[in-house]
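Notes follow once the structure below has been shown.
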Amino acid sequence: MPSTFVDAEIASQPDVWRRAAALAPTVADALPRPGERVAVVGCGTSWFVAMSYAVLREQAGQGLTDAFAGSEFPAGRSYDRVLAISRSGTTTEVVQLLAAVAGPTTLVTAVADSPAAEQADAVVAMDFADERSVVQTRFATSALTLLRAALAATDPDLLDLDALVADGAAALEVELDDLLDAQQCTFLGRGWTVGLAHEAGLKTREAARFWAEAYPAMDYRHGPVAIAEPGRLVWAFGEVPTGLADEVAATGARFVTHDLDPQAALVVAQRFAVAVASARGLDADNPRSLTRSVILT
């Protein structure tokens with residue numbers, strides 16, 4: 001069953017990334033500044049984007065940066081800024097957190113007129129990255145592009161936008177057919193790509209009800225490798241630890257990696273999730289038990 005919206009939203013990402021990067025200098029005052037202690041919060045996919053950005057910001061030397069699920073923010077801890085990510089701006093945990101914390105707060109969202117926006121001190125609206133599918137793809141990667149571009153404002157070497165966009169386009173052409181008979185997949189990352197691995201795992205679970213797990217690549221050998229066997233995939237983003245591919249091969253599992261910017265490589269995993277859903281006769285736009293936003297009563 002072909003999905004209606006998510007395929008088009010996935011394919012639009014390289015173009016939308018350019019718009020997100022162009023937005024960054026116009027909203028610089030709302031985003032974390034070098035030296036600030038920052039907490040980045042979100043739920044689900046937005047939390048995984050927060051994880052990736054937190055590592056990138058610290059690696060760039062721009063200040064202590066922690067990432068939290070919206071419900072797990074440590075209320076007693078002090079930060080110079082709380083940066084929240086929410087596609088819809090309606091997620092209950094994010095709305096409540098923004099209402100409760102003191103000090104500067106910024107919301108990155110696709111919907112400027114939303115309950116979370118009403119609670120934030122500053123709003124970065126990315127309506128051009130909004131989506132109709134429940135399954136989130138381009139908003140997440142566009143938010144990450146915006147934040148990567150903001151980091152690159154002080155060090156252009158941190159983001160080669162043309163290369164990222166080219167890799168995103170290449171990711172749309174990667175052949176997937178030989179992966180679709182897999183029984184299971186474990187996604188791995190290191191540093192900022194750990195968040196991407198978690199997001200890839202979430203996409204395959206959401207869209208296709210597929211058994212997918214995610215771990216830091218160096219931690220994979222501390223237990224999770226036990227489920228590797230023929231018919232299963234081990235899929236790595238970014239830097240691969242020395243010897244890991246050979247160890248996976250010895251289990252009979254297939255090791256998968258792509259020579260792309262890891263953010264672009266996530267696009268391949270998004271396409272994989274949708275393709276598996278289609279092969280199973282599922283509608284990836286409307287995954288079981290999920291809605292566009294979690295609103296608690």
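Every chain in the structure tokens takes a letter, A first, then B, and so on in the order presented; its residues are numbered from 1, and the ligands are numbered from 1 following the presented order.
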
For segment 181-198 of chain A, list every protein, DNA or RNA residue within 8 Å, evaluated using only C-alpha atoms, and leave out those in the same chain fewer than 2 positions away; present the list as number ranges by chain.
A: 48-56, 178-179, 200-202, 210-218, 220, 231-240, 262-263, 266

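Excluding Leu97 of chain A itself and any same-chain residue fewer than 2 positions from it, the protein and nucleic acid residues within 8 Å of it, counting only C-alpha atoms, are Gly70, Ser71, Phe73, Glu93, Val94, Val95, Ala99, Ala100 and Val101 of chain A.
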
Keeping only C-alpha atoms, write those residues as an mmCIF file, in the first residue's frame.
```cif
data_model
loop_
_atom_site.group_PDB
_atom_site.id
_atom_site.type_symbol
_atom_site.label_atom_id
_atom_site.label_comp_id
_atom_site.auth_asym_id
_atom_site.auth_seq_id
_atom_site.Cartn_x
_atom_site.Cartn_y
_atom_site.Cartn_z
ATOM 1 C CA GLY A 70 10.423 16.550 27.743
ATOM 2 C CA SER A 71 9.138 14.629 30.740
ATOM 3 C CA PHE A 73 13.963 17.631 32.460
ATOM 4 C CA GLU A 93 5.223 17.644 28.115
ATOM 5 C CA VAL A 94 6.841 20.447 26.094
ATOM 6 C CA VAL A 95 4.020 22.910 26.745
ATOM 7 C CA ALA A 99 5.404 27.125 31.202
ATOM 8 C CA ALA A 100 7.351 25.965 34.241
ATOM 9 C CA VAL A 101 10.988 26.873 33.593
#
```

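Here atom CA of Leu146 of chain A and atom CA of Val124 of chain A stand 9.9 Å from one another.
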
To one decimal in Å, tell me the separation between atom CA of Arg254 of chain A and atom CA of Thr242 of chain A.
16.4 Å

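For segment 97-141 of chain A, backbone-based DSSP labels the following residues as helix (DSSP H, G or I): Leu97, Leu98, Ala99, Ala100, Pro115, Ala116, Ala117, Glu118, Gln119, Asp127, Phe128, Ala129, Arg138, Phe139, Ala140 and Thr141 of chain A.
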
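You will find atom CA of Arg33 of chain A at 26.9 Å from atom CA of Thr92 of chain A.
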
Go through segment 18-205 of chain A and collect every residue that DSSP, computed from the backbone, puts in strand (DSSP E); the answer should be as a PyMOL selection string.
chain A and resi 38-42+65-69+81-86+105-109+122-125+184-189

Any idea what's packed within 8 Å of Ser142 of chain A, counting only C-alpha atoms, ignoring anything in its chain fewer than 2 positions away? Could you give it as a ChimeraX atom specification?
/A:13,16-17,20,129,138-140,144-146

10 Å contact set for Pro104 of chain A, only C-alpha atoms, chain neighbours under 5 positions out, as JSON, numbers by chain:
{"A": [30, 32, 79, 80, 81, 82, 83, 98, 120, 121, 122]}

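Nearest-residue note for Leu147 of chain A: choosing from A:Gly103, A:Val248, A:Leu282, A:Val108, the minimum distance belongs to A:Val108, counting only C-alpha atoms.
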